[in-house]
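Trainee: What follows is upload13.csv, CSV, C-alpha atoms and all ligand atoms.
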chain,number,residue,atom,x,y,z
Z,1,MET,CA,0.0,0.0,0.0
Z,2,ALA,CA,2.8,2.4,1.0
Z,3,GLU,CA,4.6,1.7,-2.2
Z,4,LYS,CA,1.5,2.4,-4.2
Z,5,ILE,CA,1.0,5.8,-2.5
Z,6,GLU,CA,4.6,6.7,-3.0
Z,7,LYS,CA,4.4,5.8,-6.7
Z,8,THR,CA,1.2,7.8,-7.1
Z,9,ALA,CA,2.7,10.8,-5.3
Z,10,LYS,CA,5.8,10.5,-7.5
Z,11,GLU,CA,3.7,10.5,-10.6
Z,12,ILE,CA,1.7,13.5,-9.5
Z,13,ILE,CA,5.0,15.4,-8.9
Z,14,GLU,CA,6.8,14.4,-12.0
Z,15,SER,CA,3.8,14.9,-14.3
Z,16,TYR,CA,3.0,18.5,-13.1
Z,17,ARG,CA,3.0,20.9,-16.1
Z,18,GLY,CA,0.9,23.7,-14.6
Z,19,PRO,CA,1.9,27.3,-13.8
Z,20,LYS,CA,5.0,27.9,-11.8
Z,21,ILE,CA,4.5,27.2,-8.1
Z,22,ARG,CA,6.7,28.0,-5.1
Z,23,ILE,CA,6.7,25.7,-2.1
Z,24,MET,CA,8.6,26.7,1.1
Z,25,GLU,CA,10.3,24.1,3.2
Z,26,VAL,CA,9.8,25.8,6.5
Z,27,CYS,CA,12.0,23.3,8.3
Z,28,GLY,CA,15.7,23.0,7.7
Z,29,THR,CA,15.5,19.2,8.2
Z,30,HIS,CA,13.1,19.0,5.3
Z,31,THR,CA,15.6,20.9,3.2
Z,32,HIS,CA,18.3,18.4,4.0
Z,33,GLU,CA,16.1,15.4,3.6
Z,34,ILE,CA,14.7,16.5,0.3
Z,35,PHE,CA,18.3,16.8,-1.0
Z,36,ARG,CA,19.5,13.6,0.7
Z,37,LEU,CA,16.6,11.4,-0.5
Z,38,GLY,CA,17.0,12.6,-4.1
Z,39,ILE,CA,13.5,14.1,-4.2
Z,40,ARG,CA,14.9,17.3,-5.9
Z,41,ASN,CA,15.8,15.1,-8.9
Z,42,ILE,CA,12.2,14.4,-9.7
Z,43,ILE,CA,10.9,18.0,-9.2
Z,44,PRO,CA,9.9,19.5,-12.6
Z,45,GLU,CA,11.3,23.0,-13.4
Z,46,ASN,CA,8.0,24.7,-12.8
Z,47,ILE,CA,8.0,23.7,-9.2
Z,48,GLU,CA,10.4,25.8,-7.1
Z,49,LEU,CA,11.4,24.5,-3.6
Z,50,ILE,CA,12.6,27.4,-1.4
Z,51,SER,CA,14.2,27.3,2.0
Z,52,GLY,CA,12.5,28.9,5.0
Z,53,PRO,CA,13.1,30.1,8.5
Z,54,GLY,CA,12.9,26.7,10.3
Z,55,CYS,CA,16.4,26.4,11.6
Z,56,PRO,CA,16.6,27.7,15.1
Z,57,VAL,CA,20.3,28.4,15.0
Z,58,CYS,CA,20.0,30.3,11.7
Z,59,VAL,CA,17.2,32.6,12.8
Z,60,THR,CA,18.9,33.6,16.0
Z,61,PRO,CA,20.2,37.1,15.5
Z,62,VAL,CA,23.9,38.1,15.7
Z,63,GLY,CA,23.2,40.2,18.8
Z,64,PHE,CA,22.3,37.1,20.7
Z,65,ILE,CA,25.8,35.6,20.1
Z,66,ASP,CA,27.2,39.0,21.2
Z,67,GLU,CA,25.2,38.8,24.5
Z,68,ALA,CA,26.4,35.3,25.2
Z,69,ILE,CA,30.0,36.4,24.6
Z,70,MET,CA,29.5,39.4,26.9
Z,71,LEU,CA,28.1,37.1,29.6
Z,72,ALA,CA,31.1,34.8,29.3
Z,73,LEU,CA,33.9,37.4,29.0
Z,74,ASP,CA,32.6,40.4,31.0
Z,75,HIS,CA,30.5,38.5,33.7
Z,76,ASN,CA,32.5,35.3,33.9
Z,77,ALA,CA,29.5,33.2,33.3
Z,78,THR,CA,29.8,29.6,32.2
Z,79,ILE,CA,27.9,29.3,28.9
Z,80,CYS,CA,26.1,26.0,28.3
Z,81,THR,CA,25.0,25.6,24.7
Z,82,PHE,CA,24.1,23.3,21.8
Z,83,GLY,CA,27.3,22.7,19.8
Z,84,ASP,CA,26.1,24.5,16.6
Z,85,LEU,CA,25.9,27.8,18.3
Z,86,VAL,CA,29.6,27.8,19.2
Z,87,ARG,CA,30.6,28.5,15.5
Z,88,VAL,CA,27.9,31.0,14.7
Z,89,PRO,CA,29.6,34.3,14.0
Z,90,GLY,CA,28.9,37.2,16.3
Z,91,SER,CA,29.7,40.9,15.5
Z,92,GLU,CA,33.4,40.5,16.5
Z,93,MET,CA,33.9,36.8,17.1
Z,94,ASN,CA,32.1,33.5,17.7
Z,95,LEU,CA,31.9,31.6,21.0
Z,96,ALA,CA,34.9,29.4,20.0
Z,97,GLY,CA,36.9,32.6,19.6
Z,98,ALA,CA,35.7,33.8,23.0
Z,99,ARG,CA,36.7,30.4,24.5
Z,100,SER,CA,40.3,31.1,23.2
Z,101,LYS,CA,40.1,34.4,25.2
Z,102,GLY,CA,39.3,32.5,28.4
Z,103,ALA,CA,35.5,32.1,28.1
Z,104,LYS,CA,34.1,29.0,29.7
Z,105,VAL,CA,31.8,27.3,27.1
Z,106,GLN,CA,30.3,23.9,27.8
Z,107,ILE,CA,28.6,21.9,25.0
Z,108,VAL,CA,25.3,20.2,26.2
Z,109,TYR,CA,22.7,18.1,24.5
Z,110,SER,CA,19.7,19.4,26.5
Z,111,PRO,CA,18.8,22.2,28.8
Z,112,ILE,CA,18.5,19.5,31.5
Z,113,ASP,CA,22.3,18.8,31.1
Z,114,ALA,CA,22.9,22.5,31.7
Z,115,TYR,CA,20.8,22.4,34.9
Z,116,GLU,CA,22.7,19.3,36.0
Z,117,TYR,CA,26.0,21.1,35.3
Z,118,ALA,CA,24.8,24.1,37.4
Z,119,LYS,CA,23.8,21.8,40.2
Z,120,GLY,CA,27.2,20.1,40.2
Z,121,ASN,CA,29.2,23.4,39.9
Z,122,ARG,CA,27.5,25.8,42.3
Z,123,LYS,CA,30.5,28.2,42.4
Z,124,GLU,CA,29.9,29.0,38.7
Z,125,GLN,CA,27.2,31.2,37.3
Z,126,VAL,CA,25.7,29.0,34.5
Z,127,VAL,CA,23.8,30.4,31.5
Z,128,PHE,CA,22.1,28.1,29.1
Z,129,LEU,CA,21.6,29.6,25.6
Z,130,SER,CA,17.9,28.8,25.1
Z,131,VAL,CA,17.2,28.9,21.4
Z,132,GLY,CA,14.7,26.9,19.4
Z,133,PHE,CA,11.0,26.6,18.5
Z,134,GLU,CA,8.0,25.0,20.1
Z,135,THR,CA,9.9,21.7,20.1
Z,136,THR,CA,12.8,22.6,22.4
Z,137,THR,CA,11.2,25.3,24.6
Z,138,PRO,CA,9.3,22.9,26.9
Z,139,VAL,CA,12.6,21.3,28.0
Z,140,SER,CA,14.1,24.7,28.8
Z,141,CYS,CA,11.0,25.4,30.9
Z,142,LEU,CA,11.5,22.1,32.6
Z,143,ALA,CA,15.1,23.0,33.4
Z,144,VAL,CA,14.0,26.3,35.0
Z,145,LYS,CA,11.3,24.5,37.0
Z,146,LYS,CA,13.8,22.0,38.3
Z,147,ALA,CA,16.2,24.8,39.2
Z,148,LYS,CA,13.6,26.7,41.1
Z,149,ASP,CA,12.4,23.5,42.9
Z,150,ALA,CA,16.1,22.7,43.8
Z,151,GLY,CA,16.7,26.3,45.0
Z,152,LEU,CA,19.5,26.8,42.5
Z,153,ILE,CA,20.7,30.4,42.4
Z,154,ASN,CA,23.5,29.9,39.8
Z,155,PHE,CA,21.4,28.9,36.7
Z,156,ALA,CA,19.8,31.2,34.2
Z,157,LEU,CA,18.6,31.2,30.6
Z,158,LEU,CA,19.5,33.6,27.8
Z,159,THR,CA,16.3,33.3,25.8
Z,160,ALA,CA,15.8,33.5,22.1
Z,161,ASN,CA,12.9,31.0,22.0
Z,162,LYS,CA,10.6,31.5,19.0
Z,163,THR,CA,7.2,30.5,17.9
Z,164,MET,CA,6.1,29.8,14.4
Z,165,PRO,CA,2.6,31.4,13.7
Z,166,GLY,CA,3.9,35.0,13.4
Z,167,VAL,CA,6.6,34.0,10.9
Z,168,TYR,CA,4.0,32.0,8.8
Z,169,ARG,CA,2.0,35.2,8.6
Z,170,THR,CA,5.1,37.3,7.8
Z,171,LEU,CA,6.2,35.0,5.0
Z,172,LYS,CA,2.8,34.1,3.6
Z,173,ASP,CA,3.4,35.9,0.3
Z,174,SER,CA,6.8,34.3,-0.2
Z,175,ALA,CA,5.4,31.0,-1.3
Z,176,ASP,CA,2.2,29.4,-2.7
Z,177,ALA,CA,2.2,26.9,0.2
Z,178,PHE,CA,4.3,25.8,3.1
Z,179,LEU,CA,5.6,22.4,4.0
Z,180,TYR,CA,5.0,22.8,7.7
Z,181,PRO,CA,7.5,21.3,10.2
Z,182,GLY,CA,6.2,18.0,11.6
Z,183,HIS,CA,8.0,18.1,14.9
Z,184,VAL,CA,6.9,21.7,15.7
Z,185,HIS,CA,3.3,20.7,15.1
Z,186,ALA,CA,3.6,17.5,17.1
Z,187,ILE,CA,3.8,20.0,20.0
Z,188,THR,CA,1.4,22.8,18.8
Z,189,GLY,CA,-1.2,20.5,17.2
Z,190,THR,CA,-2.9,21.4,13.9
Z,191,LYS,CA,-5.2,24.1,15.2
Z,192,LEU,CA,-3.1,27.1,14.3
Z,193,CYS,CA,-2.5,25.8,10.7
Z,194,GLU,CA,-6.2,25.3,10.3
Z,195,ALA,CA,-6.9,28.9,11.5
Z,196,LEU,CA,-4.3,30.3,9.1
Z,197,VAL,CA,-6.4,29.0,6.1
Z,198,ASN,CA,-8.9,31.8,6.9
Z,199,GLU,CA,-6.0,34.3,6.5
Z,200,GLY,CA,-5.1,32.9,3.0
Z,201,VAL,CA,-2.2,30.8,4.2
Z,202,SER,CA,-1.9,27.3,2.7
Z,203,GLY,CA,0.3,24.4,3.7
Z,204,VAL,CA,0.6,20.8,4.7
Z,205,ILE,CA,2.3,19.2,7.8
Z,206,THR,CA,4.6,16.5,6.8
Z,207,GLY,CA,7.0,14.0,8.4
Z,208,PHE,CA,10.5,13.2,7.2
Z,209,THR,CA,10.5,9.9,5.2
Z,210,ALA,CA,10.5,9.9,1.4
Z,211,ASN,CA,7.0,8.6,1.3
Z,212,GLU,CA,5.7,11.3,3.7
Z,213,ILE,CA,7.5,14.2,2.0
Z,214,MET,CA,6.4,13.1,-1.5
Z,215,THR,CA,2.9,12.6,-0.4
Z,216,ALA,CA,2.9,16.1,1.1
Z,217,LEU,CA,4.3,17.6,-2.1
Z,218,ALA,CA,1.7,15.7,-4.2
Z,219,VAL,CA,-1.1,17.0,-1.9
Z,220,VAL,CA,0.2,20.6,-2.3
Z,221,ILE,CA,0.4,20.3,-6.1
Z,222,THR,CA,-3.1,18.8,-6.3
Z,223,ARG,CA,-4.7,21.4,-3.9
Z,224,LEU,CA,-3.0,24.4,-5.6
Z,225,GLN,CA,-4.6,23.3,-8.9
Z,226,GLU,CA,-8.0,23.1,-7.2
Z,227,GLY,CA,-7.6,26.7,-6.0
Z,228,GLY,CA,-8.3,28.4,-2.7
Z,229,SER,CA,-6.5,28.2,0.6
Z,230,PHE,CA,-6.0,24.8,2.2
Z,231,PHE,CA,-4.5,22.8,5.0
Z,232,LYS,CA,-3.8,19.1,5.3
Z,233,ASN,CA,-2.1,17.1,8.1
Z,234,CYS,CA,0.0,14.6,6.2
Z,235,TYR,CA,1.7,13.4,9.4
Z,236,PRO,CA,-1.2,12.1,11.4
Z,237,ARG,CA,0.8,9.3,13.0
Z,238,VAL,CA,2.6,12.0,15.0
Z,239,VAL,CA,0.6,15.2,14.8
Z,240,THR,CA,-2.8,15.5,16.5
Z,241,HIS,CA,-5.3,18.3,16.6
Z,242,GLU,CA,-4.5,19.2,20.2
Z,243,GLY,CA,-0.7,18.6,20.2
Z,244,SER,CA,1.2,17.9,23.4
Z,245,LYS,CA,-0.9,19.1,26.4
Z,246,ALA,CA,2.1,18.4,28.8
Z,247,ALA,CA,4.2,20.7,26.7
Z,248,HIS,CA,1.6,23.5,26.7
Z,249,VAL,CA,1.2,23.2,30.5
Z,250,ILE,CA,4.9,23.6,31.3
Z,251,VAL,CA,5.5,26.4,28.8
Z,252,SER,CA,2.5,28.4,29.9
Z,253,GLU,CA,3.5,28.1,33.5
Z,254,ILE,CA,7.1,29.4,33.0
Z,255,MET,CA,7.1,31.6,29.9
Z,256,GLU,CA,4.9,34.2,28.1
Z,257,ASP,CA,4.8,35.7,24.6
Z,258,CYS,CA,7.1,38.5,23.6
Z,259,ASP,CA,8.2,40.3,20.4
Z,260,SER,CA,11.3,38.6,19.0
Z,261,GLU,CA,14.0,39.5,16.6
Z,262,TRP,CA,14.6,37.0,13.7
Z,263,ARG,CA,17.8,37.1,11.6
Z,264,GLY,CA,16.9,38.9,8.4
Z,265,LEU,CA,13.3,39.3,9.2
Z,266,GLY,CA,13.6,41.9,12.0
Z,267,VAL,CA,11.3,41.9,15.1
Z,268,ILE,CA,8.1,40.0,14.6
Z,269,GLU,CA,5.3,40.7,17.1
Z,270,ASN,CA,4.5,38.0,19.6
Z,271,SER,CA,6.9,35.5,17.9
Z,272,GLY,CA,9.0,34.8,20.9
Z,273,LEU,CA,8.9,33.6,24.5
Z,274,LYS,CA,10.5,35.0,27.6
Z,275,LEU,CA,10.4,34.0,31.3
Z,276,LYS,CA,7.5,35.2,33.3
Z,277,GLU,CA,7.9,37.6,36.2
Z,278,ALA,CA,7.7,34.8,38.7
Z,279,TYR,CA,10.8,33.3,37.2
Z,280,LYS,CA,12.8,36.4,36.5
Z,281,GLU,CA,15.7,35.3,38.7
Z,282,PHE,CA,16.4,32.8,35.9
Z,283,ASP,CA,16.5,35.4,33.2
Z,284,ALA,CA,20.2,36.1,32.3
Z,285,ARG,CA,19.4,39.6,30.9
Z,286,ILE,CA,17.8,40.7,34.2
Z,287,LYS,CA,20.3,38.8,36.4
Z,288,PHE,CA,23.4,40.3,34.7
Z,289,HIS,CA,21.8,43.7,33.9
Z,290,LEU,CA,22.4,43.3,30.1
Z,291,GLY,CA,21.6,46.4,28.1
Z,292,GLU,CA,20.2,46.3,24.6
Z,293,VAL,CA,22.8,44.7,22.2
Z,294,LYS,CA,22.7,45.3,18.5
Z,295,GLY,CA,24.6,42.8,16.4
Z,296,ARG,CA,26.3,43.4,13.1
Z,297,SER,CA,26.3,40.6,10.6
Z,298,ASN,CA,28.9,40.3,7.8
Z,299,PRO,CA,27.6,42.4,4.9
Z,300,ALA,CA,28.5,39.7,2.4
Z,301,CYS,CA,26.2,37.2,4.1
Z,302,ARG,CA,22.7,36.7,2.6
Z,303,CYS,CA,21.3,34.4,5.4
Z,304,GLY,CA,18.4,36.9,5.9
Z,305,ASP,CA,17.4,36.5,2.3
Z,306,VAL,CA,17.9,32.7,2.3
Z,307,LEU,CA,15.7,32.4,5.4
Z,308,GLN,CA,12.9,34.3,3.6
Z,309,GLY,CA,13.2,32.3,0.3
Z,310,LYS,CA,14.3,35.5,-1.5
Z,311,CYS,CA,17.4,33.8,-2.8
Z,312,LYS,CA,19.0,30.4,-2.9
Z,313,PRO,CA,22.2,29.8,-1.0
Z,314,SER,CA,24.1,29.4,-4.3
Z,315,ASP,CA,23.1,33.0,-5.2
Z,316,CYS,CA,25.2,34.3,-2.3
Z,317,LYS,CA,28.6,35.6,-3.7
Z,318,VAL,CA,30.7,33.9,-1.0
Z,319,PHE,CA,28.8,30.5,-1.1
Z,320,GLY,CA,31.4,27.7,-1.4
Z,321,LYS,CA,34.2,30.2,-1.7
Z,322,GLY,CA,34.7,32.4,1.4
Z,323,CYS,CA,31.9,30.6,3.2
Z,324,THR,CA,32.1,26.8,3.7
Z,325,PRO,CA,31.1,24.5,6.6
Z,326,LEU,CA,34.7,24.7,7.8
Z,327,HIS,CA,34.9,28.5,7.6
Z,328,PRO,CA,31.2,29.6,7.9
Z,329,VAL,CA,30.5,33.3,7.3
Z,330,GLY,CA,26.8,33.0,8.3
Z,331,ALA,CA,24.6,30.9,10.5
Z,332,CYS,CA,23.0,29.0,7.6
Z,333,MET,CA,26.3,27.4,6.8
Z,334,VAL,CA,27.0,26.4,10.4
Z,335,SER,CA,23.9,24.5,11.4
Z,336,ASN,CA,23.1,20.9,10.4
Z,337,GLU,CA,19.6,22.3,9.6
Z,338,GLY,CA,20.9,25.3,7.7
Z,339,ALA,CA,20.0,25.7,4.0
Z,340,CYS,CA,23.5,26.8,3.0
Z,341,SER,CA,25.0,23.8,4.6
Z,342,ALA,CA,22.4,21.6,2.8
Z,343,TYR,CA,23.2,23.1,-0.6
Z,344,TYR,CA,26.9,22.8,0.0
Z,345,GLN,CA,26.7,19.2,1.2
Z,346,TYR,CA,24.4,18.0,-1.6
Z,347,GLY,CA,25.8,19.9,-4.6
Z,348,GLY,CA,24.3,23.2,-4.3
Z,349,ASN,CA,23.2,24.4,-7.7
Z,350,ILE,CA,20.4,22.0,-8.3
Z,351,ASN,CA,17.4,23.7,-9.8
Z,352,GLY,CA,14.6,24.6,-7.5
R,401,LIG,FE1,25.6,33.5,4.7
R,401,LIG,FE2,27.4,31.7,3.9
R,401,LIG,FE3,24.9,31.3,3.3
R,401,LIG,FE4,26.2,33.3,2.1
R,401,LIG,S1,26.6,31.1,1.9
R,401,LIG,S2,24.2,33.4,2.9
R,401,LIG,S3,27.6,34.0,3.7
R,401,LIG,S4,25.8,31.4,5.3
So, in terms of structure tokens, how does the structure I just supplied come out?
Mentor:
Amino acid sequence: MAEKIEKTAKEIIESYRGPKIRIMEVCGTHTHEIFRLGIRNIIPENIELISGPGCPVCVTPVGFIDEAIMLALDHNATICTFGDLVRVPGSEMNLAGARSKGAKVQIVYSPIDAYEYAKGNRKEQVVFLSVGFETTTPVSCLAVKKAKDAGLINFALLTANKTMPGVYRTLKDSADAFLYPGHVHAITGTKLCEALVNEGVSGVITGFTANEIMTALAVVITRLQEGGSFFKNCYPRVVTHEGSKAAHVIVSEIMEDCDSEWRGLGVIENSGLKLKEAYKEFDARIKFHLGEVKGRSNPACRCGDVLQGKCKPSDCKVFGKGCTPLHPVGACMVSNEGACSAYYQYGGNING
């Protein structure tokens, strides 16, 4: 049965001869998987697949890296972070460069690891770099809750947590339809995508196998030809209408909405999350009295345009020359989910 669906989806995709359509892969993992699985090889020229803003490291602005470096070098804080962020350029240097100047930077795999580190090293002020979308935020909240319950006074978050609905609205004219990220909507549920249909936003939620991605693309192609806005959950084995109630409970207890800056997109209203007043002792900006920090990205870097689907990574002048995974100029070349790293890894100039 699965083989039959996959073949049917493949036929729908390959045989498309209608007007040009643009489909945005919101999620960086989809960009990578579509390359890796060879799906781009069957996409006709009149279907353009464009990358989107769904890589948490990529959308985190330069100023956030500067804040983390400031905390490490000026306030002697120990920075706990996911590995990708260490090589993302700040205005003057990245965290690896700060480490060579004496900054203490620990790589962790989860906010809970950072909490455990703080618990075991109470003489250090520990700051976890809390980036990510709806998927990772609940675990950051859990780490704060555990720290509060344990009476830890040496643990804080530097928050850049983001939520997706605002950016879907911001980018709704960039593409004819979105491939929505399956893991984000496993947490949020399908409700917000359903509501966006009334605002003219179309898309399908999809998983990450070849069958799931091709089925989703076939649905998008078919529904676009029918006309009107649409939504379809093509990942029902994981994504439900309600999403994860446990995740909603912990996040709404610890965090609240705030405006948030996205790399290349500027500040989007209510597209971020910050710690609530009751947890402000765990907010690194408050704890260390950080003022406003404005980062400066390398003027050659077009990450902001890549994240909005305005250009392909290979349109950037330094792609594959001055900017490679070994020597990244921008965040999209650093992260495993970054579009520039996907194009570099899989032979970057493929059409679409
Ligand atoms: Fe930025 Fe490098 Fe991508 Fe160009 S190739 S947009 S410099 S990350």
Trainee: Within 8 Å of ligand LIG 401 (chain R), counting all atoms listed in the file: which residues, as a PyMOL selection string?
Mentor: chain Z and resi 298+300-306+313-320+322-324+328-334+339-341
Trainee: I'd like the contact shell of Thr136 of chain Z - 10 Å cut-off, all atoms listed in the file, skipping same-chain residues fewer than 2 positions apart - returned as JSON, numbers by chain.
Mentor: {"Z": [56, 110, 111, 130, 131, 132, 133, 134, 138, 139, 140, 141, 161, 162, 183, 184, 187, 247]}
Trainee: Got a sec: who's within 12 Å of Leu224 of chain Z, counting only C-alpha atoms, leaving out chain neighbours fewer than 2 positions off, as a list in words?
Mentor: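 In the requested format, the answer is Tyr16, Gly18, Pro19, Lys20, Ile21, Arg22, Ile23, Ile47, Ala175, Asp176, Ala177, Phe178, Val201, Ser202, Gly203, Val204, Leu217, Ala218, Val219, Val220, Ile221, Thr222, Glu226, Gly227, Gly228, Ser229, Phe230 and Phe231 of chain Z.
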Trainee: Tell me which of Z:Ala118, Z:Val251, Z:Ile112, Z:Ala160 sits closest to Cys58 of chain Z, counting only C-alpha atoms.
Mentor: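 Once distances to Cys58 of chain Z are computed over only C-alpha atoms, the minimum belongs to Z:Ala160.
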Trainee: Which value, in Å to one decimal, gives the distance between atom CA of Ile286 of chain Z and atom CA of Lys148 of chain Z?
Mentor: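 Separation of atom CA of Ile286 of chain Z and atom CA of Lys148 of chain Z: 16.2 Å.
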Trainee: Excluding Gly38 of chain Z and any residue of its chain fewer than 2 positions from it, enumerate the residues within 12 Å of it, using all atoms listed in the file, and give them as a list of chain:residue names.
Mentor: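 Here the qualifying residues turn out to be Z:Lys10, Z:Thr31, Z:His32, Z:Glu33, Z:Ile34, Z:Phe35, Z:Arg36, Z:Arg40, Z:Asn41, Z:Ile42, Z:Ile43, Z:Thr209, Z:Ala210, Z:Ile213, Z:Met214, Z:Tyr346, Z:Gly347, Z:Ile350.
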Trainee: Using only C-alpha atoms, which residues sit within 12 Å of Thr190 of chain Z once same-chain residues fewer than 4 positions away are excluded, as an mmCIF file with C-alpha atoms, keeping the file's coordinate frame?
Mentor:
data_model
loop_
_atom_site.group_PDB
_atom_site.id
_atom_site.type_symbol
_atom_site.label_atom_id
_atom_site.label_comp_id
_atom_site.auth_asym_id
_atom_site.auth_seq_id
_atom_site.Cartn_x
_atom_site.Cartn_y
_atom_site.Cartn_z
ATOM 1 C CA PRO Z 165 2.600 31.400 13.700
ATOM 2 C CA TYR Z 180 5.000 22.800 7.700
ATOM 3 C CA PRO Z 181 7.500 21.300 10.200
ATOM 4 C CA GLY Z 182 6.200 18.000 11.600
ATOM 5 C CA HIS Z 183 8.000 18.100 14.900
ATOM 6 C CA VAL Z 184 6.900 21.700 15.700
ATOM 7 C CA HIS Z 185 3.300 20.700 15.100
ATOM 8 C CA ALA Z 186 3.600 17.500 17.100
ATOM 9 C CA GLU Z 194 -6.200 25.300 10.300
ATOM 10 C CA ALA Z 195 -6.900 28.900 11.500
ATOM 11 C CA LEU Z 196 -4.300 30.300 9.100
ATOM 12 C CA VAL Z 197 -6.400 29.000 6.100
ATOM 13 C CA GLY Z 203 0.300 24.400 3.700
ATOM 14 C CA VAL Z 204 0.600 20.800 4.700
ATOM 15 C CA ILE Z 205 2.300 19.200 7.800
ATOM 16 C CA THR Z 206 4.600 16.500 6.800
ATOM 17 C CA PHE Z 231 -4.500 22.800 5.000
ATOM 18 C CA LYS Z 232 -3.800 19.100 5.300
ATOM 19 C CA ASN Z 233 -2.100 17.100 8.100
ATOM 20 C CA CYS Z 234 0.000 14.600 6.200
ATOM 21 C CA TYR Z 235 1.700 13.400 9.400
ATOM 22 C CA PRO Z 236 -1.200 12.100 11.400
ATOM 23 C CA VAL Z 238 2.600 12.000 15.000
ATOM 24 C CA VAL Z 239 0.600 15.200 14.800
ATOM 25 C CA THR Z 240 -2.800 15.500 16.500
ATOM 26 C CA HIS Z 241 -5.300 18.300 16.600
ATOM 27 C CA GLU Z 242 -4.500 19.200 20.200
ATOM 28 C CA GLY Z 243 -0.700 18.600 20.200
ATOM 29 C CA SER Z 244 1.200 17.900 23.400
#
Trainee: Which residue out of Z:Thr137, Z:Gln308, Z:Thr215, Z:Ser335 has the minimum interatomic distance to Val26 of chain Z when only C-alpha atoms are used?
Mentor: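 With only C-alpha atoms as the atom set, the closest residue is Z:Gln308.
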Trainee: Can you tell me, as an NGL selection string, what residues are no more than 7 Å from Cys27 of chain Z when counting all atoms listed in the file, ignoring any on the same chain fewer than 3 positions away?
Mentor: :Z and (30-31 or 52-55 or 181)
Trainee: Would you write out those residues with C-alpha atoms, as a compact mmCIF listing (two decimals), keeping the file's coordinate frame?
Mentor:
# COMPACT_ATOMS: atom_id res chain seq x y z
CA HIS Z 30 13.10 19.00 5.30
CA THR Z 31 15.60 20.90 3.20
CA GLY Z 52 12.50 28.90 5.00
CA PRO Z 53 13.10 30.10 8.50
CA GLY Z 54 12.90 26.70 10.30
CA CYS Z 55 16.40 26.40 11.60
CA PRO Z 181 7.50 21.30 10.20
Trainee: Can you work out the spacing between atom CA of Thr163 of chain Z and atom CA of Ala246 of chain Z in Å, to one decimal?
Mentor: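 Between these atoms lies a distance of 17.1 Å.
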Trainee: Of the candidates Z:Gly120, Z:Val127, Z:Glu253, Z:Tyr168, which shows the shortest atom-to-atom distance to Val105 of chain Z, using only C-alpha atoms?
Mentor: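 Of the candidates, the smallest distance to Val105 of chain Z is held by Z:Val127.
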Trainee: Please compute the atom CA of Lys123 of chain Z-atom CA of Leu95 of chain Z distance, one decimal, in Å.
Mentor: 21.7 Å
Trainee: Smallest atom-to-atom distance to Ala68 of chain Z: which of Z:Gly309, Z:Gly83, Z:Pro325, Z:Gly90, using all atoms listed in the file?
Mentor: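 Under the stated criterion, the closest residue is Z:Gly90.
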Trainee: Measuring atom to atom with only C-alpha atoms, identify which of Z:Ala156, Z:Glu25, Z:Asp149, Z:Lys104 is nearest to Arg285 of chain Z.
Mentor: Z:Ala156
Trainee: From the options Z:Val57, Z:Met164, Z:Ile50, Z:Ile12, which residue's atoms come nearest to Thr188 of chain Z, counting all atoms listed in the file?
Mentor: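 Of the candidates, the smallest distance to Thr188 of chain Z is held by Z:Met164.
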Trainee: Would you list the residues near (22.5, 28.0, 43.0) (no more than 8 Å away, in the coordinates of the file, using only C-alpha atoms) as an MDAnalysis selection string?
Mentor: chainID Z and resid 118:119 122 151:155
